$ cat model-v7.txt   # compact mmCIF, C-alpha atoms
# COMPACT_ATOMS: atom_id res chain seq x y z
CA MET I 1 -105.78 -7.60 -85.25
CA ILE I 2 -102.91 -5.78 -83.53
CA TYR I 3 -103.52 -7.81 -80.41
CA LEU I 4 -103.32 -10.99 -82.46
CA LEU I 5 -100.06 -9.92 -84.12
CA ASN I 6 -98.56 -9.07 -80.75
CA LEU I 7 -99.61 -12.41 -79.35
CA LEU I 8 -98.12 -14.24 -82.34
CA SER I 9 -94.84 -12.35 -81.92
CA VAL I 10 -94.48 -13.78 -78.44
CA MET I 11 -95.75 -17.24 -79.38
CA ILE I 12 -93.99 -17.96 -82.65
CA ILE I 13 -90.73 -19.39 -81.29
CA PRO I 14 -92.43 -21.71 -78.75
CA ILE I 15 -94.80 -22.82 -81.52
CA MET I 16 -91.94 -23.60 -83.91
CA ILE I 17 -90.05 -25.53 -81.23
CA THR I 18 -93.15 -27.53 -80.22
CA VAL I 19 -94.01 -28.47 -83.79
CA ILE I 20 -90.46 -29.69 -84.47
CA LEU I 21 -90.34 -31.74 -81.25
CA ILE I 22 -93.80 -33.31 -81.61
CA TYR I 23 -93.26 -34.18 -85.26
CA GLY I 24 -89.92 -35.74 -84.30
CA MET I 25 -91.63 -37.76 -81.57
CA MET I 26 -94.30 -38.98 -83.98
CA LYS I 27 -91.59 -40.17 -86.36
CA LYS I 28 -89.84 -41.91 -83.44
CA ILE I 29 -86.58 -39.97 -83.76
CA ASP I 30 -84.06 -40.02 -80.91
CA ILE I 31 -84.76 -36.34 -80.31
CA TYR I 32 -82.24 -35.69 -77.57
CA GLU I 33 -79.37 -37.26 -79.51
CA ALA I 34 -80.34 -35.46 -82.71
CA PHE I 35 -80.50 -32.12 -80.87
CA VAL I 36 -77.10 -32.46 -79.26
CA GLU I 37 -75.54 -33.66 -82.50
CA GLY I 38 -76.83 -30.62 -84.40
CA ALA I 39 -76.13 -28.15 -81.60
CA GLY I 40 -72.45 -29.08 -81.63
CA GLN I 41 -71.97 -27.07 -84.82
CA GLY I 42 -73.14 -23.86 -83.13
CA PHE I 43 -69.68 -23.03 -81.84
CA GLN I 44 -68.00 -23.39 -85.21
CA THR I 45 -70.40 -20.96 -86.80
CA ALA I 46 -69.91 -18.42 -84.02
CA ILE I 47 -66.14 -18.66 -84.32
CA ARG I 48 -66.30 -18.37 -88.11
CA ILE I 49 -68.31 -15.13 -88.02
CA MET I 50 -66.31 -13.57 -85.17
CA PRO I 51 -63.54 -11.93 -87.26
CA TYR I 52 -66.16 -10.41 -89.58
CA LEU I 53 -68.14 -9.13 -86.62
CA ILE I 54 -65.02 -7.57 -85.11
CA ALA I 55 -64.08 -5.91 -88.41
CA ILE I 56 -67.52 -4.42 -88.95
CA PHE I 57 -68.09 -3.36 -85.32
CA LEU I 58 -64.71 -1.65 -85.38
CA ALA I 59 -65.38 0.32 -88.58
CA ILE I 60 -68.91 1.30 -87.54
CA GLY I 61 -67.72 2.32 -84.06
CA ILE I 62 -64.93 4.54 -85.37
CA PHE I 63 -67.16 6.10 -88.04
CA LYS I 64 -70.00 6.79 -85.62
CA ASP I 65 -68.23 7.85 -82.43
CA SER I 66 -65.62 10.05 -84.11
CA GLY I 67 -68.33 12.24 -85.61
CA GLY I 68 -67.67 10.99 -89.15
CA LEU I 69 -71.28 9.92 -89.52
CA ASN I 70 -72.48 13.39 -88.45
CA LEU I 71 -70.20 15.01 -90.99
CA PHE I 72 -71.45 12.64 -93.69
CA THR I 73 -75.04 13.56 -92.76
CA LYS I 74 -74.25 17.29 -93.03
CA ILE I 75 -72.70 16.83 -96.46
CA LEU I 76 -75.74 14.90 -97.68
CA TYR I 77 -78.21 17.41 -96.28
CA PRO I 78 -78.51 19.75 -99.34
CA ILE I 79 -79.26 16.79 -101.61
CA THR I 80 -81.79 15.10 -99.33
CA ASN I 81 -83.42 18.45 -98.56
CA PHE I 82 -83.98 18.89 -102.29
CA LEU I 83 -85.50 15.40 -102.43
CA GLY I 84 -87.97 16.24 -99.65
CA ILE I 85 -86.53 14.32 -96.70
CA PRO I 86 -87.23 16.34 -93.53
CA ARG I 87 -83.97 17.58 -92.00
CA GLU I 88 -84.86 16.11 -88.59
CA VAL I 89 -85.09 12.49 -89.77
CA LEU I 90 -82.01 12.53 -92.04
CA PRO I 91 -79.62 11.37 -89.28
CA LEU I 92 -81.94 8.42 -88.71
CA ALA I 93 -82.14 7.58 -92.41
CA ILE I 94 -78.32 7.46 -92.51
CA MET I 95 -77.87 5.68 -89.18
CA ARG I 96 -80.49 2.95 -89.77
CA PRO I 97 -78.49 0.77 -92.21
CA VAL I 98 -75.29 1.29 -90.21
CA SER I 99 -76.30 0.41 -86.65
CA GLY I 100 -79.56 -0.91 -85.17
CA SER I 101 -78.89 0.20 -81.60
CA GLY I 102 -77.55 3.54 -82.82
CA ALA I 103 -80.72 4.10 -84.85
CA LEU I 104 -82.92 3.22 -81.88
CA GLY I 105 -81.05 5.87 -79.88
CA VAL I 106 -81.71 8.45 -82.60
CA VAL I 107 -85.44 7.58 -82.63
CA LYS I 108 -85.56 7.95 -78.83
CA ASP I 109 -84.04 11.44 -79.12
CA LEU I 110 -86.47 12.43 -81.89
CA LEU I 111 -89.50 11.18 -79.94
CA HIS I 112 -88.27 13.07 -76.90
CA THR I 113 -87.64 16.31 -78.79
CA TYR I 114 -90.65 16.42 -81.11
CA GLY I 115 -93.10 14.12 -79.32
CA PRO I 116 -94.12 10.61 -80.43
CA ASP I 117 -97.38 11.81 -82.00
CA SER I 118 -95.83 14.62 -84.06
CA PHE I 119 -95.21 14.20 -87.79
CA ILE I 120 -91.47 13.80 -87.20
CA GLY I 121 -92.11 11.27 -84.43
CA ARG I 122 -94.38 9.19 -86.64
CA VAL I 123 -92.03 9.27 -89.62
CA ALA I 124 -89.09 8.30 -87.39
CA SER I 125 -91.05 5.40 -85.85
CA THR I 126 -92.19 4.18 -89.25
CA MET I 127 -88.68 4.37 -90.65
CA MET I 128 -87.26 2.48 -87.70
CA GLY I 129 -89.90 -0.23 -88.11
CA SER I 130 -89.57 -0.62 -91.85
CA ALA I 131 -85.80 -0.77 -92.36
CA GLU I 132 -82.95 -3.01 -91.20
CA THR I 133 -79.22 -2.87 -90.59
CA ILE I 134 -77.32 -3.62 -93.77
CA PHE I 135 -73.53 -3.64 -93.33
CA TYR I 136 -73.47 -5.85 -90.28
CA THR I 137 -75.92 -8.38 -91.76
CA MET I 138 -73.94 -8.62 -94.98
CA ALA I 139 -70.63 -9.04 -93.17
CA VAL I 140 -71.99 -11.83 -90.98
CA TYR I 141 -74.00 -13.78 -93.59
CA PHE I 142 -71.36 -13.70 -96.31
CA GLY I 143 -68.53 -14.11 -93.81
CA ALA I 144 -70.11 -17.26 -92.40
CA VAL I 145 -69.87 -19.07 -95.73
CA GLY I 146 -66.69 -17.44 -97.03
CA ILE I 147 -68.15 -15.40 -99.90
CA LYS I 148 -65.69 -12.72 -101.08
CA ASN I 149 -67.61 -11.26 -104.01
CA SER I 150 -71.01 -10.02 -102.85
CA ARG I 151 -71.95 -8.74 -106.34
CA HIS I 152 -75.07 -6.55 -106.42
CA THR I 153 -76.24 -7.29 -102.85
CA LEU I 154 -75.18 -3.98 -101.29
CA LEU I 155 -76.47 -1.85 -104.14
CA ALA I 156 -79.87 -3.58 -104.15
CA ALA I 157 -80.07 -3.32 -100.34
CA LEU I 158 -79.27 0.40 -100.43
CA ILE I 159 -81.89 1.01 -103.14
CA SER I 160 -84.38 -0.88 -100.99
CA HIS I 161 -83.38 1.23 -97.98
CA VAL I 162 -83.89 4.49 -99.89
CA ALA I 163 -87.31 3.17 -100.90
CA ALA I 164 -88.10 2.51 -97.21
CA VAL I 165 -87.09 6.09 -96.30
CA PHE I 166 -89.30 7.68 -98.95
CA ALA I 167 -92.16 5.26 -98.36
CA SER I 168 -92.09 6.12 -94.62
CA ILE I 169 -92.32 9.85 -95.32
CA TRP I 170 -95.02 9.51 -97.98
CA VAL I 171 -97.20 7.07 -96.10
CA CYS I 172 -97.14 9.29 -92.97
CA ARG I 173 -98.05 12.38 -95.01
CA TRP I 174 -100.86 10.44 -96.59
CA ILE I 175 -102.34 8.70 -93.52
CA PHE I 176 -101.91 11.24 -90.72
CA MET H 177 -67.43 -3.00 -102.34
CA MET H 178 -67.31 -4.05 -98.68
CA ASN H 179 -63.59 -3.42 -98.80
CA ARG H 180 -63.99 0.18 -99.90
CA ILE H 181 -66.75 0.94 -97.41
CA TRP H 182 -64.73 -0.51 -94.59
CA ILE H 183 -61.70 1.62 -95.41
CA PHE H 184 -63.90 4.69 -96.01
CA MET H 185 -65.50 4.35 -92.56
CA ILE H 186 -62.22 3.91 -90.71
CA ILE H 187 -60.20 6.57 -92.55
CA THR H 188 -62.99 9.19 -92.41
CA GLY H 189 -63.56 8.40 -88.75
CA ILE H 190 -59.89 8.75 -87.83
CA GLY H 191 -59.61 11.89 -90.00
CA VAL H 192 -62.55 13.56 -88.26
CA ALA H 193 -61.20 12.54 -84.86
CA VAL H 194 -57.80 14.09 -85.65
CA ILE H 195 -59.32 17.34 -86.96
CA THR H 196 -61.61 17.71 -83.95
CA ARG H 197 -58.71 16.75 -81.62
CA ASN H 198 -60.69 13.84 -80.33
CA THR H 199 -58.34 10.95 -81.06
CA GLN H 200 -58.74 9.39 -77.63
CA ILE H 201 -62.21 8.30 -78.75
CA ILE H 202 -60.61 5.99 -81.34
CA ASN H 203 -58.66 4.18 -78.65
CA ALA H 204 -61.82 3.71 -76.63
CA VAL H 205 -63.73 2.39 -79.65
CA VAL H 206 -60.99 -0.06 -80.61
CA ILE H 207 -61.18 -1.67 -77.20
CA GLN H 208 -64.89 -1.38 -76.54
CA ASN H 209 -66.44 -2.25 -79.90
CA THR H 210 -64.21 -5.22 -80.60
CA GLN H 211 -65.09 -6.57 -77.18
CA GLU H 212 -68.77 -6.05 -77.98
CA ALA H 213 -68.31 -8.00 -81.22
CA VAL H 214 -66.80 -10.96 -79.39
CA LEU H 215 -69.52 -10.91 -76.74
CA PHE H 216 -72.16 -10.72 -79.45
CA ALA H 217 -70.72 -13.73 -81.28
CA ILE H 218 -70.51 -15.71 -78.06
CA GLY H 219 -74.06 -14.71 -77.19
CA LEU H 220 -75.19 -15.90 -80.59
CA THR H 221 -73.55 -19.29 -79.99
CA GLY H 222 -76.32 -20.41 -77.66
CA ILE H 223 -79.24 -19.58 -79.93
CA MET H 224 -77.23 -20.86 -82.92
CA ALA H 225 -76.77 -24.23 -81.18
CA VAL H 226 -80.46 -24.41 -80.25
CA TRP H 227 -81.62 -23.90 -83.83
CA LEU H 228 -78.98 -26.17 -85.35
CA GLY H 229 -80.10 -28.83 -82.89
CA LEU H 230 -83.77 -28.34 -83.68
CA MET H 231 -83.06 -28.27 -87.41
CA ASN H 232 -81.22 -31.56 -87.09
CA ILE H 233 -84.31 -33.10 -85.46
CA ALA H 234 -86.53 -31.62 -88.18
CA GLU H 235 -84.23 -32.98 -90.86
CA LYS H 236 -84.25 -36.52 -89.45
CA SER H 237 -88.01 -36.53 -88.92
CA GLY H 238 -88.65 -35.43 -92.50
CA LEU H 239 -90.26 -32.14 -91.44
CA ILE H 240 -87.73 -30.17 -93.50
CA LYS H 241 -88.68 -32.12 -96.61
CA GLY H 242 -92.36 -31.57 -95.85
CA ILE H 243 -91.97 -27.81 -95.51
CA GLY H 244 -89.88 -27.83 -98.67
CA ARG H 245 -92.62 -29.64 -100.58
CA ILE H 246 -95.40 -27.33 -99.38
CA MET H 247 -93.56 -24.00 -99.57
CA GLY H 248 -91.25 -24.94 -102.43
CA PRO H 249 -93.32 -23.53 -105.30
CA LEU H 250 -93.71 -20.17 -103.54
CA ILE H 251 -90.07 -19.89 -102.47
CA ARG H 252 -88.80 -20.95 -105.87
CA LEU H 253 -90.61 -18.00 -107.44
CA LEU H 254 -88.07 -15.81 -105.64
CA PHE H 255 -85.18 -18.27 -105.82
CA PRO H 256 -85.58 -20.15 -109.10
CA GLU H 257 -82.10 -21.70 -108.93
CA ILE H 258 -82.81 -23.73 -105.76
CA PRO H 259 -83.58 -27.33 -106.77
CA LYS H 260 -86.97 -28.84 -105.93
CA ASN H 261 -87.27 -30.19 -102.36
CA HIS H 262 -83.86 -28.81 -101.37
CA PRO H 263 -83.43 -28.35 -97.57
CA ALA H 264 -82.48 -24.68 -98.10
CA ILE H 265 -86.16 -23.99 -98.83
CA SER H 266 -87.30 -24.78 -95.30
CA SER H 267 -84.43 -22.86 -93.68
CA ILE H 268 -85.41 -19.84 -95.75
CA VAL H 269 -89.08 -20.26 -94.78
CA MET H 270 -88.24 -20.56 -91.08
CA ASN H 271 -85.86 -17.59 -91.25
CA MET H 272 -88.59 -15.47 -92.81
CA VAL H 273 -91.20 -16.56 -90.26
CA ALA H 274 -88.82 -15.75 -87.38
CA ASN H 275 -88.05 -12.37 -89.01
CA MET H 276 -91.71 -11.52 -89.51
CA PHE H 277 -92.40 -11.97 -85.82
CA GLY H 278 -89.31 -10.12 -84.69
CA ALA H 279 -87.30 -13.05 -83.32
CA GLY H 280 -84.05 -11.47 -84.50
CA ASN H 281 -81.43 -13.85 -83.11
CA SER H 282 -83.36 -16.99 -84.06
CA ALA H 283 -83.77 -15.52 -87.52
CA THR H 284 -80.01 -14.96 -87.75
CA ALA H 285 -79.28 -18.54 -86.70
CA LEU H 286 -81.73 -19.94 -89.26
CA GLY H 287 -80.48 -17.50 -91.87
CA LEU H 288 -76.89 -18.64 -91.44
CA LYS H 289 -78.06 -22.25 -91.82
CA ALA H 290 -79.83 -21.25 -95.04
CA MET H 291 -76.67 -19.53 -96.31
CA GLU H 292 -74.69 -22.69 -95.67
CA GLN H 293 -77.19 -24.76 -97.67
CA LEU H 294 -77.22 -22.19 -100.47
CA GLN H 295 -73.42 -22.34 -100.52
CA ASN H 296 -73.65 -26.13 -101.08
CA ILE H 297 -75.43 -25.55 -104.40
CA ASN H 298 -73.34 -22.51 -105.35
CA PRO H 299 -71.00 -23.38 -108.26
CA TYR H 300 -68.54 -20.53 -107.45
CA LYS H 301 -67.65 -20.74 -103.75
CA LYS H 302 -66.15 -17.23 -103.45
CA ARG H 303 -68.89 -15.49 -105.43
CA ALA H 304 -72.43 -14.97 -104.11
CA SER H 305 -75.12 -16.81 -106.06
CA ASN H 306 -78.30 -15.06 -107.22
CA ALA H 307 -80.25 -16.89 -104.53
CA MET H 308 -77.88 -15.66 -101.79
CA CYS H 309 -78.11 -12.05 -102.95
CA MET H 310 -81.90 -12.23 -103.10
CA PHE H 311 -82.10 -13.90 -99.68
CA LEU H 312 -79.91 -11.23 -98.08
CA VAL H 313 -81.68 -8.32 -99.76
CA ILE H 314 -85.04 -9.59 -98.49
CA ASN H 315 -83.55 -10.09 -95.02
CA MET H 316 -82.09 -6.56 -95.00
CA SER H 317 -85.32 -4.92 -96.16
CA SER H 318 -87.04 -5.91 -92.89
CA ILE H 319 -90.16 -8.02 -93.14
CA GLN H 320 -91.08 -7.63 -89.47
CA LEU H 321 -94.85 -7.35 -88.93
CA VAL H 322 -94.79 -5.70 -85.50
CA PRO H 323 -91.77 -3.53 -84.65
CA LEU H 324 -91.91 -4.24 -80.92
CA SER H 325 -88.85 -2.18 -79.94
CA VAL H 326 -90.33 0.89 -81.66
CA LEU H 327 -93.70 0.39 -79.95
CA LYS H 328 -91.95 0.21 -76.61
CA ILE H 329 -89.99 3.47 -76.98
CA ARG H 330 -93.13 5.19 -78.33
CA ALA H 331 -95.09 4.09 -75.27
CA ASP H 332 -92.19 5.17 -73.02
CA ALA H 333 -92.21 8.59 -74.69
CA GLY H 334 -95.87 8.99 -73.75
CA SER H 335 -97.54 8.38 -77.09
CA LEU H 336 -101.34 8.50 -77.02
CA ASN H 337 -101.46 5.84 -79.70
CA ALA H 338 -98.18 3.94 -79.78
CA THR H 339 -99.44 1.26 -82.18
CA GLU H 340 -100.63 3.66 -84.89
CA ILE H 341 -97.33 3.21 -86.73
CA ILE H 342 -97.79 -0.54 -87.27
CA GLY H 343 -99.87 0.09 -90.40
CA THR H 344 -97.55 2.71 -91.84
CA SER H 345 -94.50 0.52 -91.12
CA LEU H 346 -96.16 -2.40 -92.90
CA VAL H 347 -96.84 -0.28 -95.97
CA ALA H 348 -93.30 1.13 -95.99
CA THR H 349 -91.66 -2.24 -95.45
CA THR H 350 -93.76 -3.85 -98.19
CA VAL H 351 -92.73 -1.11 -100.61
CA SER H 352 -89.05 -1.46 -99.69
CA THR H 353 -89.11 -5.27 -99.92
CA ILE H 354 -90.72 -5.17 -103.37
CA VAL H 355 -88.24 -2.53 -104.54
CA GLY H 356 -85.40 -4.68 -103.16
CA ILE H 357 -86.63 -7.81 -104.96
CA VAL H 358 -87.09 -5.98 -108.26
CA SER H 359 -83.67 -4.27 -108.06
CA CYS H 360 -82.09 -7.61 -107.24
CA ARG H 361 -83.71 -9.21 -110.29
CA ILE H 362 -82.54 -6.40 -112.57
CA LEU H 363 -79.03 -6.05 -111.14
CA GLU H 364 -78.24 -9.77 -111.05
CA ARG H 365 -78.02 -9.78 -114.84
CA THR H 366 -75.26 -7.20 -114.96
CA TYR H 367 -73.15 -8.10 -111.91
$ encode --input "model-v7.txt" --output "structure tokens"
Amino acid sequence: MIYLLNLLSVMIIPIMITVILIYGMMKKIDIYEAFVEGAGQGFQTAIRIMPYLIAIFLAIGIFKDSGGLNLFTKILYPITNFLGIPREVLPLAIMRPVSGSGALGVVKDLLHTYGPDSFIGRVASTMMGSAETIFYTMAVYFGAVGIKNSRHTLLAALISHVAAVFASIWVCRWIF
Amino acid sequence: MMNRIWIFMIITGIGVAVITRNTQIINAVVIQNTQEAVLFAIGLTGIMAVWLGLMNIAEKSGLIKGIGRIMGPLIRLLFPEIPKNHPAISSIVMNMVANMFGAGNSATALGLKAMEQLQNINPYKKRASNAMCMFLVINMSSIQLVPLSVLKIRADAGSLNATEIIGTSLVATTVSTIVGIVSCRILERTY
């Protein structure tokens, strides 16, 4: 099962490309022309999202590298401790929605310190695999189409993230 | 909301840097991270162009309509405001498939295409539609089946069973996606 999933992960993009091309050939489309015509819009999209990317990378960089994120984590600690989040994984729970590469770095440290097969190591791995970056995704997706009012998106995403954090802890307690 | 978070991050960051006498780090970040952002956007251009090209082929061949017809009923359970057989349906399907199998950048390219199509049927161009909010919340709750990057660092750290977290991740991500969908449904009435 795991082998199959791994195989599919590597194969999915080639499969999607092949299906699109073969179906296009069967319908006698001028594939090359159609591809180039569509691809031409790639640049515009990249340029449109660039200012949003710069804004969000800047804010995240300053917040993270200055130590602001650490301070924020320390302030939250009494509350999350009360809620049963292990102290060791709290920095990861906070970092995960902010920065994907930052979170991966935190997981690496945790695996190194506590061991990948420890409870902390398993919770950290599960959390990393079950959550996503939020701020950057929102900035890019809404920025690309010029949405100014994102309504309930951030709140719902944060609720979902908190659910991922608790689910990771509970499922590891339960299974291992 | 984004506005406040942005200011909060920058002001807190600069404040902490000043208190800890570490302001030179801000200068480094301003240069380095903005450069990273530009490089990232340029890097995304290639994969963006590839998928926009492929999607154009799929549109002309009628594949998009076909996917829309087959997957429409399922997708419209989550996004009831998308009209029947609308091209956004197949972009959303392809984005989700790419996400499930961890093809992050392809997923982003397809996701941006889906956002564009959702914007076409959005009556208020500056305000996110229910479908957009739902689409983003699902995207941000991670629906990846195999977290390959995690497996790799687990194996590197000498785990005896690196893949044992696939099951737990799947459970956790299913819970978080369902919670995200339900909160979206409840919150969209009040926002």
$ residues_around --input "model-v7.txt" --residues "region 273-279 of chain H" --least-positions-apart "4" --cutoff "9 Å" --atoms "all atoms listed in the file" --output "JSON, numbers by chain"
{"I": [5, 6, 8, 9, 10, 11, 12, 13], "H": [268, 269, 283, 284, 286, 315, 318, 319, 320, 321, 322, 323, 324]}
$ closest_residue --input "model-v7.txt" --among "H:Arg197, H:Arg252, H:Arg303, H:Lys260" --to "chain I" --atoms "all atoms listed in the file"
H:Arg303
$ residues_around --input "model-v7.txt" --residues "His152 (chain I)" --least-positions-apart "4" --cutoff "10 Å" --atoms "all atoms listed in the file" --output "PyMOL selection string"
(chain I and resi 156-157) or (chain H and resi 177+304+306+309-310+313+359-367)
$ residues_around --input "model-v7.txt" --residues "Gly191 (chain H)" --least-positions-apart "5" --cutoff "10 Å" --atoms "all atoms listed in the file" --output "compact mmCIF listing (two decimals) with C-alpha atoms, in the coordinates of the input"
# COMPACT_ATOMS: atom_id res chain seq x y z
CA PHE I 63 -67.16 6.10 -88.04
CA SER I 66 -65.62 10.05 -84.11
CA GLY I 67 -68.33 12.24 -85.61
CA GLY I 68 -67.67 10.99 -89.15
CA MET H 185 -65.50 4.35 -92.56
CA ILE H 186 -62.22 3.91 -90.71
CA THR H 196 -61.61 17.71 -83.95
CA ARG H 197 -58.71 16.75 -81.62
CA ASN H 198 -60.69 13.84 -80.33
CA THR H 199 -58.34 10.95 -81.06
$ atom_distance --input "model-v7.txt" --atom1 "CA of Lys289 (chain H)" --atom2 "CA of Pro263 (chain H)"
10.0 Å
$ atom_distance --input "model-v7.txt" --atom1 "CA of Pro91 (chain I)" --atom2 "CA of Thr73 (chain I)"
6.2 Å
$ residues_around --input "model-v7.txt" --residues "Leu288 (chain H)" --least-positions-apart "4" --cutoff "10 Å" --atoms "all atoms listed in the file" --output "ChimeraX atom specification"
/I:45,49,140-145 /H:224,228,267-268,271,282-284,292-294
$ residues_around --input "model-v7.txt" --residues "Ile187 (chain H)" --least-positions-apart "4" --cutoff "10 Å" --atoms "only C-alpha atoms" --output "VMD selection string"
(chain I and resid 59 62 to 63 68) or (chain H and resid 181 to 183 191 to 193)
$ atom_distance --input "model-v7.txt" --atom1 "CA of Cys172 (chain I)" --atom2 "CA of Val123 (chain I)"
6.1 Å
$ closest_residue --input "model-v7.txt" --among "I:Gly38, I:Pro78, I:Pro14, I:Gly105" --to "chain H" --atoms "only C-alpha atoms"
I:Gly38
$ closest_residue --input "model-v7.txt" --among "I:Ala103, I:Val19, I:Ile75, I:Ala46" --to "chain H" --atoms "all atoms listed in the file"
I:Ala46
$ closest_residue --input "model-v7.txt" --among "H:Ala213, H:Ile243, H:Ala285, H:Met272" --to "Gly229 (chain H)" --atoms "all atoms listed in the file"
H:Ala285
$ closest_residue --input "model-v7.txt" --among "I:Phe43, I:Tyr23, I:Phe166, I:Tyr3" --to "Ala217 (chain H)" --atoms "all atoms listed in the file"
I:Phe43
$ closest_residue --input "model-v7.txt" --among "H:Ala331, H:Ala338, H:Met270, H:Ile218" --to "Leu230 (chain H)" --atoms "only C-alpha atoms"
H:Met270
$ residues_near_point --input "model-v7.txt" --point "(-93.8, 5.4, -94.7)" --cutoff "8 Å" --atoms "all atoms listed in the file" --output "PyMOL selection string"
(chain I and resi 123+126-127+130+164-172) or (chain H and resi 344-345+347-349)
$ decode --input "model-v7.txt" --residues "region 320-341 of chain H" --atoms "N, CA and C atoms" --output "tab-separated table (two decimals), in the first residue's frame"
chain	number	residue	atom	x	y	z
H	320	GLN	N	-2.27	16.08	1.38
H	320	GLN	CA	-1.20	15.22	0.84
H	320	GLN	C	-1.27	13.82	1.45
H	321	LEU	N	-1.21	12.80	0.59
H	321	LEU	CA	-1.30	11.42	1.07
H	321	LEU	C	0.00	10.93	1.66
H	322	VAL	N	1.13	11.22	0.98
H	322	VAL	CA	2.44	10.78	1.48
H	322	VAL	C	3.34	12.00	1.67
H	323	PRO	N	3.62	12.38	2.90
H	323	PRO	CA	4.50	13.54	3.13
H	323	PRO	C	5.96	13.16	2.88
H	324	LEU	N	6.36	13.23	1.61
H	324	LEU	CA	7.68	12.73	1.22
H	324	LEU	C	8.84	13.43	1.93
H	325	SER	N	8.73	14.77	2.09
H	325	SER	CA	9.84	15.50	2.72
H	325	SER	C	10.03	15.04	4.16
H	326	VAL	N	8.90	14.73	4.86
H	326	VAL	CA	9.01	14.27	6.24
H	326	VAL	C	9.65	12.88	6.29
H	327	LEU	N	9.22	12.01	5.36
H	327	LEU	CA	9.80	10.66	5.32
H	327	LEU	C	11.31	10.73	5.13
H	328	LYS	N	11.72	11.66	4.27
H	328	LYS	CA	13.14	11.77	3.98
H	328	LYS	C	13.93	12.19	5.22
H	329	ILE	N	13.47	13.24	5.93
H	329	ILE	CA	14.26	13.67	7.10
H	329	ILE	C	14.16	12.65	8.22
H	330	ARG	N	13.09	11.87	8.27
H	330	ARG	CA	13.00	10.78	9.28
H	330	ARG	C	14.05	9.71	8.97
H	331	ALA	N	14.12	9.34	7.70
H	331	ALA	CA	15.11	8.33	7.30
H	331	ALA	C	16.52	8.85	7.56
H	332	ASP	N	16.76	10.13	7.23
H	332	ASP	CA	18.08	10.72	7.46
H	332	ASP	C	18.44	10.72	8.94
H	333	ALA	N	17.42	10.86	9.80
H	333	ALA	CA	17.68	10.92	11.24
H	333	ALA	C	17.84	9.52	11.83
H	334	GLY	N	17.76	8.51	10.97
H	334	GLY	CA	18.01	7.14	11.44
H	334	GLY	C	16.80	6.44	12.02
H	335	SER	N	15.61	6.80	11.53
H	335	SER	CA	14.40	6.14	12.04
H	335	SER	C	14.39	4.66	11.65
H	336	LEU	N	13.92	3.82	12.56
H	336	LEU	CA	13.81	2.39	12.26
H	336	LEU	C	12.60	2.12	11.38
H	337	ASN	N	11.63	3.00	11.47
H	337	ASN	CA	10.42	2.84	10.66
H	337	ASN	C	9.93	4.22	10.23
H	338	ALA	N	10.59	4.75	9.18
H	338	ALA	CA	10.32	6.13	8.77
H	338	ALA	C	8.88	6.32	8.30
H	339	THR	N	8.29	5.26	7.71
H	339	THR	CA	6.97	5.41	7.10
H	339	THR	C	5.82	5.24	8.09
H	340	GLU	N	6.14	4.94	9.36
H	340	GLU	CA	5.05	4.68	10.30
H	340	GLU	C	4.16	5.91	10.55
H	341	ILE	N	4.61	7.09	10.12
H	341	ILE	CA	3.81	8.28	10.38
H	341	ILE	C	2.85	8.59	9.21
